[in-house]
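This is input13.txt (compact mmCIF, C-alpha atoms).
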# COMPACT_ATOMS: atom_id res chain seq x y z
CA GLN A 1 -42.26 -5.29 43.31
CA LYS A 2 -40.69 -8.40 44.86
CA GLN A 3 -40.94 -10.17 41.53
CA ASP A 4 -39.17 -7.28 39.86
CA ILE A 5 -36.38 -7.47 42.46
CA GLU A 6 -36.02 -11.22 41.97
CA LYS A 7 -35.89 -10.80 38.21
CA CYS A 8 -33.28 -8.08 38.52
CA ARG A 9 -31.19 -10.26 40.84
CA GLU A 10 -31.23 -13.07 38.28
CA ILE A 11 -30.33 -10.82 35.35
CA ILE A 12 -27.53 -8.76 36.91
CA PRO A 13 -24.32 -10.62 36.01
CA LYS A 14 -21.94 -12.07 38.54
CA ILE A 15 -18.58 -12.61 36.87
CA ALA A 16 -15.29 -14.31 37.66
CA VAL A 17 -12.20 -13.10 35.79
CA GLU A 18 -9.01 -15.08 35.14
CA THR A 19 -5.86 -14.13 33.25
CA LYS A 20 -3.15 -16.14 31.51
CA ILE A 21 0.11 -14.90 29.98
CA PHE A 22 1.85 -16.86 27.22
CA VAL A 23 3.72 -16.66 23.92
CA ASP A 24 2.24 -18.45 20.90
CA ASP A 25 3.97 -21.73 19.93
CA ASP A 26 6.19 -21.70 23.03
CA GLU A 27 6.28 -24.80 25.19
CA ASP A 28 6.79 -22.90 28.46
CA ASP A 29 5.22 -19.79 30.00
CA LYS A 30 8.40 -17.73 29.90
CA VAL A 31 8.40 -14.39 28.11
CA TYR A 32 11.57 -13.00 26.54
CA GLU A 33 12.30 -9.47 25.44
CA GLY A 34 10.78 -8.80 22.00
CA ASP A 35 8.34 -11.74 22.13
CA LEU A 36 4.77 -11.24 20.95
CA CYS A 37 3.13 -12.08 24.24
CA THR A 38 -0.57 -12.59 24.90
CA VAL A 39 -2.58 -11.67 27.95
CA GLN A 40 -5.67 -13.84 27.75
CA VAL A 41 -8.67 -12.63 29.76
CA LYS A 42 -11.37 -15.18 30.53
CA VAL A 43 -14.71 -13.97 31.86
CA ASN A 44 -17.22 -16.43 33.34
CA ARG A 45 -20.80 -15.37 34.05
CA GLU A 46 -21.48 -17.36 37.19
CA ASN A 47 -25.13 -16.32 37.29
CA LEU A 48 -25.83 -18.27 34.08
CA LYS A 49 -26.18 -22.00 33.66
CA GLU A 50 -24.35 -24.01 31.04
CA GLY A 51 -25.73 -23.24 27.60
CA GLU A 52 -27.48 -20.06 28.70
CA LYS A 53 -26.74 -16.69 27.14
CA ALA A 54 -26.97 -13.18 28.48
CA GLY A 55 -29.94 -11.20 27.22
CA LEU A 56 -30.98 -7.59 27.51
CA ILE A 57 -30.06 -5.63 30.63
CA HIS A 58 -32.64 -4.90 33.32
CA ALA A 59 -33.47 -1.24 32.70
CA PRO A 60 -37.27 -0.77 32.60
CA HIS A 61 -37.01 3.03 32.28
CA PHE A 62 -34.31 3.02 29.57
CA PRO A 63 -35.78 4.29 26.27
CA ILE A 64 -34.42 1.47 24.08
CA PRO A 65 -33.42 -2.18 24.60
CA LYS A 66 -29.74 -2.56 25.50
CA GLN A 67 -27.49 -5.61 25.24
CA GLU A 68 -25.08 -6.52 28.02
CA ALA A 69 -21.41 -5.82 27.16
CA TRP A 70 -18.06 -5.38 28.86
CA TRP A 71 -15.12 -3.02 28.46
CA ILE A 72 -11.77 -4.78 28.92
CA ILE A 73 -8.87 -2.38 29.49
CA LEU A 74 -5.20 -3.14 30.12
CA GLY A 75 -3.02 -0.27 31.26
CA THR A 76 0.12 0.64 33.15
CA LYS A 77 0.31 1.95 36.68
CA GLU A 78 1.10 5.35 35.21
CA GLY A 79 -2.20 5.39 33.31
CA LYS A 80 -1.00 4.47 29.82
CA ILE A 81 -3.53 2.29 27.98
CA ILE A 82 -2.09 -0.81 26.34
CA ASP A 83 -5.39 -2.14 24.98
CA ILE A 84 -9.08 -1.28 25.22
CA LYS A 85 -11.92 -3.30 23.71
CA LYS A 86 -15.68 -3.56 24.04
CA ILE A 87 -16.87 -7.18 24.17
CA ALA A 88 -20.55 -7.97 23.58
CA LYS A 89 -20.43 -11.77 23.56
CA PRO A 90 -23.55 -13.26 25.21
CA GLU A 91 -22.05 -16.68 26.03
CA LYS A 92 -21.70 -17.81 29.64
CA GLU A 93 -17.91 -17.87 29.23
CA PHE A 94 -15.81 -15.89 26.77
CA THR A 95 -12.17 -14.94 26.27
CA HIS A 96 -10.35 -11.90 24.93
CA ASP A 97 -6.69 -11.90 23.86
CA ILE A 98 -4.50 -8.83 24.27
CA LYS A 99 -1.29 -9.03 22.22
CA PHE A 100 1.75 -6.75 22.42
CA LEU A 101 5.54 -6.93 22.21
CA ALA A 102 7.26 -7.78 25.46
CA PRO A 103 9.24 -4.81 26.83
CA ARG A 104 12.87 -4.81 27.92
CA VAL A 105 14.20 -7.22 30.50
CA GLY A 106 12.51 -6.65 33.85
CA THR A 107 9.31 -7.07 35.84
CA TYR A 108 6.26 -5.03 34.88
CA ASN A 109 2.94 -4.57 36.66
CA PHE A 110 -0.23 -3.74 34.76
CA ASP A 111 -3.84 -3.06 35.76
CA LEU A 112 -6.65 -5.00 34.09
CA HIS A 113 -10.12 -3.45 34.24
CA VAL A 114 -13.32 -5.32 33.35
CA LEU A 115 -16.10 -2.73 33.29
CA SER A 116 -19.83 -3.23 32.73
CA ASN A 117 -21.53 -1.02 30.14
CA SER A 118 -24.78 -1.04 32.10
CA TYR A 119 -24.47 -1.75 35.82
CA ILE A 120 -22.70 0.05 38.63
CA GLY A 121 -20.80 -1.80 41.33
CA ILE A 122 -19.87 -4.98 39.47
CA ASP A 123 -16.66 -3.77 37.78
CA GLN A 124 -13.50 -5.71 38.49
CA LYS A 125 -9.83 -4.71 38.65
CA LEU A 126 -6.97 -7.23 38.58
CA ALA A 127 -3.20 -6.91 38.77
CA VAL A 128 -1.20 -8.45 35.91
CA GLU A 129 2.53 -9.04 36.32
CA ILE A 130 4.83 -9.83 33.42
CA GLU A 131 8.49 -10.75 33.78
CA THR A 132 10.57 -10.51 30.62
CA LEU A 133 13.83 -12.44 30.36
CA ASP A 134 17.04 -11.89 28.42
CA PRO A 135 16.76 -13.57 24.98
CA SER A 136 20.50 -14.34 25.01
CA ALA A 137 19.73 -17.08 27.55
CA LEU A 138 17.81 -19.00 24.91
CA PRO A 139 19.57 -22.01 23.36
CA GLU A 140 21.03 -21.50 19.89
CA TYR A 141 18.51 -22.24 17.20
CA LYS A 142 19.73 -24.74 14.62
CA VAL A 143 18.03 -25.04 11.27
CA HIS A 144 17.07 -28.56 10.25
CA PRO A 145 18.74 -29.66 6.98
CA ASP A 146 15.37 -30.25 5.35
CA ASP A 147 14.29 -26.72 6.24
CA ALA A 148 17.57 -25.34 4.88
CA GLU A 149 16.89 -27.06 1.55
CA LEU A 150 13.48 -25.43 1.38
CA ASP A 151 15.17 -22.01 1.32
CA ASP A 152 16.66 -22.94 -2.07
CA GLU A 153 13.27 -23.85 -3.50
CA PRO A 154 11.47 -21.14 -5.52
CA THR A 155 8.56 -19.47 -3.84
CA LEU A 156 5.05 -19.53 -5.29
CA PHE A 157 5.54 -15.99 -6.62
CA GLU A 158 8.83 -16.95 -8.31
CA GLU A 159 7.19 -20.01 -9.92
CA MET A 160 4.36 -17.87 -11.29
CA LEU A 161 6.84 -15.28 -12.58
CA ASN A 162 8.95 -17.94 -14.31
CA ALA A 163 5.86 -19.48 -15.92
CA HIS A 164 4.85 -16.03 -17.21
CA ASN A 165 8.31 -15.47 -18.71
CA VAL A 166 8.20 -18.87 -20.45
CA GLU A 167 4.85 -17.98 -22.02
CA GLU A 168 6.24 -14.65 -23.27
CA ASP A 169 9.28 -16.37 -24.80
CA SER A 170 7.02 -18.88 -26.52
CA ASP A 171 4.83 -16.10 -27.92
CA SER A 172 7.86 -14.18 -29.22
CA GLU A 173 9.19 -17.33 -30.95
CA ASP A 174 5.80 -17.86 -32.59
CA GLU A 175 5.82 -14.26 -33.83
CA ASP A 176 9.35 -14.66 -35.25
CA SER A 177 8.35 -17.85 -37.09
CA ASP A 178 5.29 -16.08 -38.51
CA ASP A 179 7.49 -13.23 -39.75
CA ASP A 180 9.83 -15.73 -41.43
CA ASP A 181 6.90 -17.39 -43.15
CA GLU A 182 5.70 -14.03 -44.46
CA ASP A 183 9.17 -13.25 -45.78
CA ASP A 184 9.25 -16.57 -47.59
CA ASP A 185 5.92 -15.84 -49.22
CA GLU A 186 7.14 -12.53 -50.70
CA PRO A 187 8.41 -12.75 -54.32
CA GLY A 188 12.22 -12.53 -54.55
CA ILE A 189 14.79 -12.05 -57.37
CA ARG A 190 15.10 -15.12 -59.62
CA GLU A 191 17.69 -16.03 -62.23
CA LEU A 192 16.72 -15.56 -65.92
CA SER A 193 16.40 -18.59 -68.12
CA ALA A 194 18.58 -19.08 -71.28
CA ALA A 195 15.68 -18.17 -73.58
CA GLU A 196 15.00 -14.99 -71.64
CA LYS A 197 18.69 -14.04 -71.75
CA LYS A 198 18.80 -14.61 -75.56
CA LYS A 199 15.66 -12.53 -76.01
CA MET A 200 17.15 -9.67 -74.02
CA GLU A 201 20.39 -9.81 -76.10
CA LEU A 202 18.37 -9.59 -79.32
CA GLN A 203 16.46 -6.59 -77.95
CA LYS A 204 19.74 -4.86 -77.11
CA LYS A 205 21.15 -5.54 -80.62
CA ARG A 206 18.01 -4.14 -82.25
CA GLN A 207 18.18 -1.03 -80.09
CA ALA A 208 21.85 -0.61 -80.98
CA ALA A 209 21.16 -1.06 -84.70
CA ALA A 210 18.36 1.47 -84.58
CA GLY A 211 20.69 3.92 -82.88
CA ASP A 212 23.35 3.56 -85.60
CA ASP A 213 20.81 4.27 -88.40
CA SER A 214 19.68 7.48 -86.73
CA ASP A 215 23.30 8.62 -86.42
CA ASP A 216 23.92 8.01 -90.19
CA ASP A 217 20.88 10.11 -91.12
CA ASP A 218 22.12 12.97 -88.98
CA ASP A 219 25.59 12.87 -90.59
CA SER A 220 24.21 12.91 -94.13
CA SER A 221 22.06 15.87 -93.42
CA VAL A 222 25.01 17.77 -92.15
CA GLU A 223 27.11 16.96 -95.24
CA GLU A 224 24.38 18.20 -97.52
CA VAL A 225 24.26 21.53 -95.71
CA TYR A 226 27.97 22.07 -96.17
CA ALA A 227 27.84 20.85 -99.77
CA ASP A 228 25.62 23.70 -100.65
Could you write out this file's structure as structure tokens?
Amino acid sequence: QKQDIEKCREIIPKIAVETKIFVDDDEDDKVYEGDLCTVQVKVNRENLKEGEKAGLIHAPHFPIPKQEAWWIILGTKEGKIIDIKKIAKPEKEFTHDIKFLAPRVGTYNFDLHVLSNSYIGIDQKLAVEIETLDPSALPEYKVHPDDAELDDEPTLFEEMLNAHNVEEDSDSEDEDSDDDDEDDDEPGIRELSAAEKKKMELQKKRQAAAGDDSDDDDDSSVEEVYAD
């Protein structure tokens, strides 16, 4: 029984919780209205040595093995939850980032809860204070000339679109040239040669002469009828 107690004492986590508030890419720790601020929660398992990892919880009568995990909750004094997340990282030390937009200018107090999913009596509650400042106090941002020139450069999407249009224009020109070649291949109207013209004139004269003979025959037959 003593061995079981000693084992339980070694397994039950003893944690230290720290918080840090910052804005990404900012050089100072000041938070201005509308900033995407981060509340970073760092949990250190003091019962573990460097390089050790948390294993299964000590619950000999629990029906299935269960991994140690923590619920990290950030909320307002009025009970509104800003963020809630279950973290099951087994490392000796781990962090969790809570991101949200900074509220209006003023000082705000939040409650941070770090709750165990397995043990009773080791939960922790910390106060988190955030002061948001007026963004009009920030110095005027001036765009570097090199950055201003980049705004005139086409984006990757525009370059791809232009390349696609060039390919379409090239394809349409190829189609037009193919159509012109086909038109050239088709037989067109050509001018008759002198021999062909002379032959056609002779044919017309023969047809005319044949027509005159038939008219004479018709007239003679008519005269004969009246002669009788």
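Residue nearest A:Lys99 within the list A:Cys37, A:Leu202, A:Gln207, A:Asp24: A:Cys37 [criterion: smallest interatomic distance, only C-alpha atoms].
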Using only C-alpha atoms, can you tell me which of A:Ser193, A:Asn109, A:Thr155, A:Gln40 comes closest to A:Ile72?
A:Gln40
Between A:Asp123, A:Glu46, A:Glu140, A:Glu27, which has the minimum distance to A:Ile73 (counting only C-alpha atoms)?
A:Asp123
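Minimum distance to A:Glu18 across A:Val43, A:Leu115, A:Val105, A:Ile57 (counting all atoms listed in the file) occurs at A:Val43.
Across the model, the gap from atom CA of A:His113 to atom CA of A:Ile84 is 9.3 Å.
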Atomic distance atom CA of A:Val31 - atom CA of A:Lys80, expressed in Å with one decimal:
21.1 Å
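The nearest approach to A:Asp4 among the residues A:Asp26, A:Glu129, A:Ala59, A:Thr95, with only C-alpha atoms taken into account, belongs to A:Ala59.
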Find the spatial neighbours of A:Trp71, counting all atoms listed in the file, within a cut-off of 12 Å - ignore same-chain residues fewer than 2 positions away - and output them as a list in words.
Val41, Val43, Glu68, Ala69, Ile73, Leu74, Asp83, Ile84, Lys85, Lys86, Ile87, Ala88, Lys89, His96, Leu112, His113, Val114, Leu115, Ser116, Asn117, Ser118, Tyr119, Asp123, Gln124 and Lys125 of chain A
Please produce a file of those selected residues containing C-alpha atoms, as a PDB file, in the coordinates of the input.
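Saved the output as again_26.pdb:
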ATOM      1  CA  VAL A  41      -8.670 -12.630  29.760  1.00  0.00           C
ATOM      2  CA  VAL A  43     -14.710 -13.970  31.860  1.00  0.00           C
ATOM      3  CA  GLU A  68     -25.080  -6.520  28.020  1.00  0.00           C
ATOM      4  CA  ALA A  69     -21.410  -5.820  27.160  1.00  0.00           C
ATOM      5  CA  ILE A  73      -8.870  -2.380  29.490  1.00  0.00           C
ATOM      6  CA  LEU A  74      -5.200  -3.140  30.120  1.00  0.00           C
ATOM      7  CA  ASP A  83      -5.390  -2.140  24.980  1.00  0.00           C
ATOM      8  CA  ILE A  84      -9.080  -1.280  25.220  1.00  0.00           C
ATOM      9  CA  LYS A  85     -11.920  -3.300  23.710  1.00  0.00           C
ATOM     10  CA  LYS A  86     -15.680  -3.560  24.040  1.00  0.00           C
ATOM     11  CA  ILE A  87     -16.870  -7.180  24.170  1.00  0.00           C
ATOM     12  CA  ALA A  88     -20.550  -7.970  23.580  1.00  0.00           C
ATOM     13  CA  LYS A  89     -20.430 -11.770  23.560  1.00  0.00           C
ATOM     14  CA  HIS A  96     -10.350 -11.900  24.930  1.00  0.00           C
ATOM     15  CA  LEU A 112      -6.650  -5.000  34.090  1.00  0.00           C
ATOM     16  CA  HIS A 113     -10.120  -3.450  34.240  1.00  0.00           C
ATOM     17  CA  VAL A 114     -13.320  -5.320  33.350  1.00  0.00           C
ATOM     18  CA  LEU A 115     -16.100  -2.730  33.290  1.00  0.00           C
ATOM     19  CA  SER A 116     -19.830  -3.230  32.730  1.00  0.00           C
ATOM     20  CA  ASN A 117     -21.530  -1.020  30.140  1.00  0.00           C
ATOM     21  CA  SER A 118     -24.780  -1.040  32.100  1.00  0.00           C
ATOM     22  CA  TYR A 119     -24.470  -1.750  35.820  1.00  0.00           C
ATOM     23  CA  ASP A 123     -16.660  -3.770  37.780  1.00  0.00           C
ATOM     24  CA  GLN A 124     -13.500  -5.710  38.490  1.00  0.00           C
ATOM     25  CA  LYS A 125      -9.830  -4.710  38.650  1.00  0.00           C
TER      26      LYS A 125
END
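One distance worth recording is that between atom CA of A:Phe110 and atom CA of A:Leu133, which is 17.1 Å.
The residue that comes closest to A:Phe94, out of A:Lys42, A:Lys14, A:Lys197, A:Lys66 and on the basis of only C-alpha atoms, is A:Lys42.
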Counting only C-alpha atoms, find the residues whose atoms lie at most 6 Å from (-29.2, -7.1, 34.4) (file coordinates) and write them out as a list in words.
Cys8, Ile11, Ile12, Ile57 and His58 of chain A
What would stretch 15-26 of chain A look like with all heavy atoms in place, written as a compact mmCIF listing (two decimals), in the frame of the given file?
# COMPACT_ATOMS: atom_id res chain seq x y z
N ILE A 15 -19.66 -12.09 37.72
CA ILE A 15 -18.58 -12.61 36.87
C ILE A 15 -17.36 -12.99 37.69
O ILE A 15 -17.10 -12.45 38.77
CB ILE A 15 -18.18 -11.59 35.79
CG1 ILE A 15 -17.63 -10.30 36.43
CG2 ILE A 15 -19.34 -11.29 34.87
CD1 ILE A 15 -17.03 -9.33 35.43
N ALA A 16 -16.60 -13.94 37.14
CA ALA A 16 -15.29 -14.31 37.66
C ALA A 16 -14.29 -14.13 36.53
O ALA A 16 -14.52 -14.60 35.40
CB ALA A 16 -15.29 -15.76 38.14
N VAL A 17 -13.18 -13.45 36.81
CA VAL A 17 -12.20 -13.10 35.79
C VAL A 17 -10.88 -13.81 36.07
O VAL A 17 -10.39 -13.79 37.20
CB VAL A 17 -11.98 -11.57 35.72
CG1 VAL A 17 -10.99 -11.23 34.62
CG2 VAL A 17 -13.31 -10.86 35.49
N GLU A 18 -10.31 -14.43 35.05
CA GLU A 18 -9.01 -15.08 35.14
C GLU A 18 -8.12 -14.57 34.01
O GLU A 18 -8.60 -14.21 32.94
CB GLU A 18 -9.15 -16.60 35.04
CG GLU A 18 -9.97 -17.23 36.15
CD GLU A 18 -10.12 -18.73 35.98
OE1 GLU A 18 -9.47 -19.27 35.04
OE2 GLU A 18 -10.86 -19.36 36.74
N THR A 19 -6.82 -14.56 34.26
CA THR A 19 -5.86 -14.13 33.25
C THR A 19 -4.78 -15.19 33.05
O THR A 19 -4.46 -15.95 33.98
CB THR A 19 -5.20 -12.80 33.63
OG1 THR A 19 -4.50 -12.95 34.87
CG2 THR A 19 -6.22 -11.69 33.74
N LYS A 20 -4.24 -15.22 31.84
CA LYS A 20 -3.15 -16.14 31.51
C LYS A 20 -2.21 -15.42 30.55
O LYS A 20 -2.66 -14.77 29.60
CB LYS A 20 -3.71 -17.41 30.86
CG LYS A 20 -2.63 -18.42 30.48
CD LYS A 20 -3.26 -19.63 29.80
CE LYS A 20 -2.20 -20.64 29.38
NZ LYS A 20 -2.80 -21.82 28.69
N ILE A 21 -0.90 -15.55 30.80
CA ILE A 21 0.11 -14.90 29.98
C ILE A 21 0.94 -15.97 29.28
O ILE A 21 1.43 -16.91 29.92
CB ILE A 21 1.02 -13.99 30.82
CG1 ILE A 21 0.17 -12.95 31.56
CG2 ILE A 21 2.08 -13.31 29.96
CD1 ILE A 21 0.93 -12.18 32.61
N PHE A 22 1.09 -15.86 27.96
CA PHE A 22 1.85 -16.86 27.22
C PHE A 22 2.34 -16.26 25.91
O PHE A 22 1.93 -15.16 25.50
CB PHE A 22 0.99 -18.10 26.94
CG PHE A 22 -0.25 -17.82 26.13
CD1 PHE A 22 -0.23 -17.91 24.74
CD2 PHE A 22 -1.44 -17.46 26.75
CE1 PHE A 22 -1.35 -17.66 23.99
CE2 PHE A 22 -2.58 -17.21 26.01
CZ PHE A 22 -2.53 -17.30 24.62
N VAL A 23 3.22 -17.01 25.25
CA VAL A 23 3.72 -16.66 23.92
C VAL A 23 3.31 -17.79 22.98
O VAL A 23 3.51 -18.96 23.28
CB VAL A 23 5.26 -16.48 23.91
CG1 VAL A 23 5.76 -16.22 22.49
CG2 VAL A 23 5.66 -15.35 24.84
N ASP A 24 2.71 -17.43 21.85
CA ASP A 24 2.24 -18.45 20.90
C ASP A 24 3.37 -19.38 20.48
O ASP A 24 4.50 -18.94 20.22
CB ASP A 24 1.65 -17.78 19.66
CG ASP A 24 0.33 -17.09 19.97
OD1 ASP A 24 -0.28 -17.43 20.98
OD2 ASP A 24 -0.06 -16.19 19.19
N ASP A 25 3.05 -20.68 20.41
CA ASP A 25 3.97 -21.73 19.93
C ASP A 25 5.12 -22.00 20.88
O ASP A 25 6.03 -22.76 20.53
CB ASP A 25 4.52 -21.39 18.54
CG ASP A 25 3.41 -21.24 17.50
OD1 ASP A 25 2.38 -21.93 17.64
OD2 ASP A 25 3.59 -20.44 16.57
N ASP A 26 5.14 -21.40 22.05
CA ASP A 26 6.19 -21.70 23.03
C ASP A 26 5.71 -22.80 23.96
O ASP A 26 4.53 -22.86 24.34
CB ASP A 26 6.55 -20.46 23.85
CG ASP A 26 7.56 -19.58 23.12
OD1 ASP A 26 7.85 -19.89 21.95
OD2 ASP A 26 8.06 -18.62 23.72
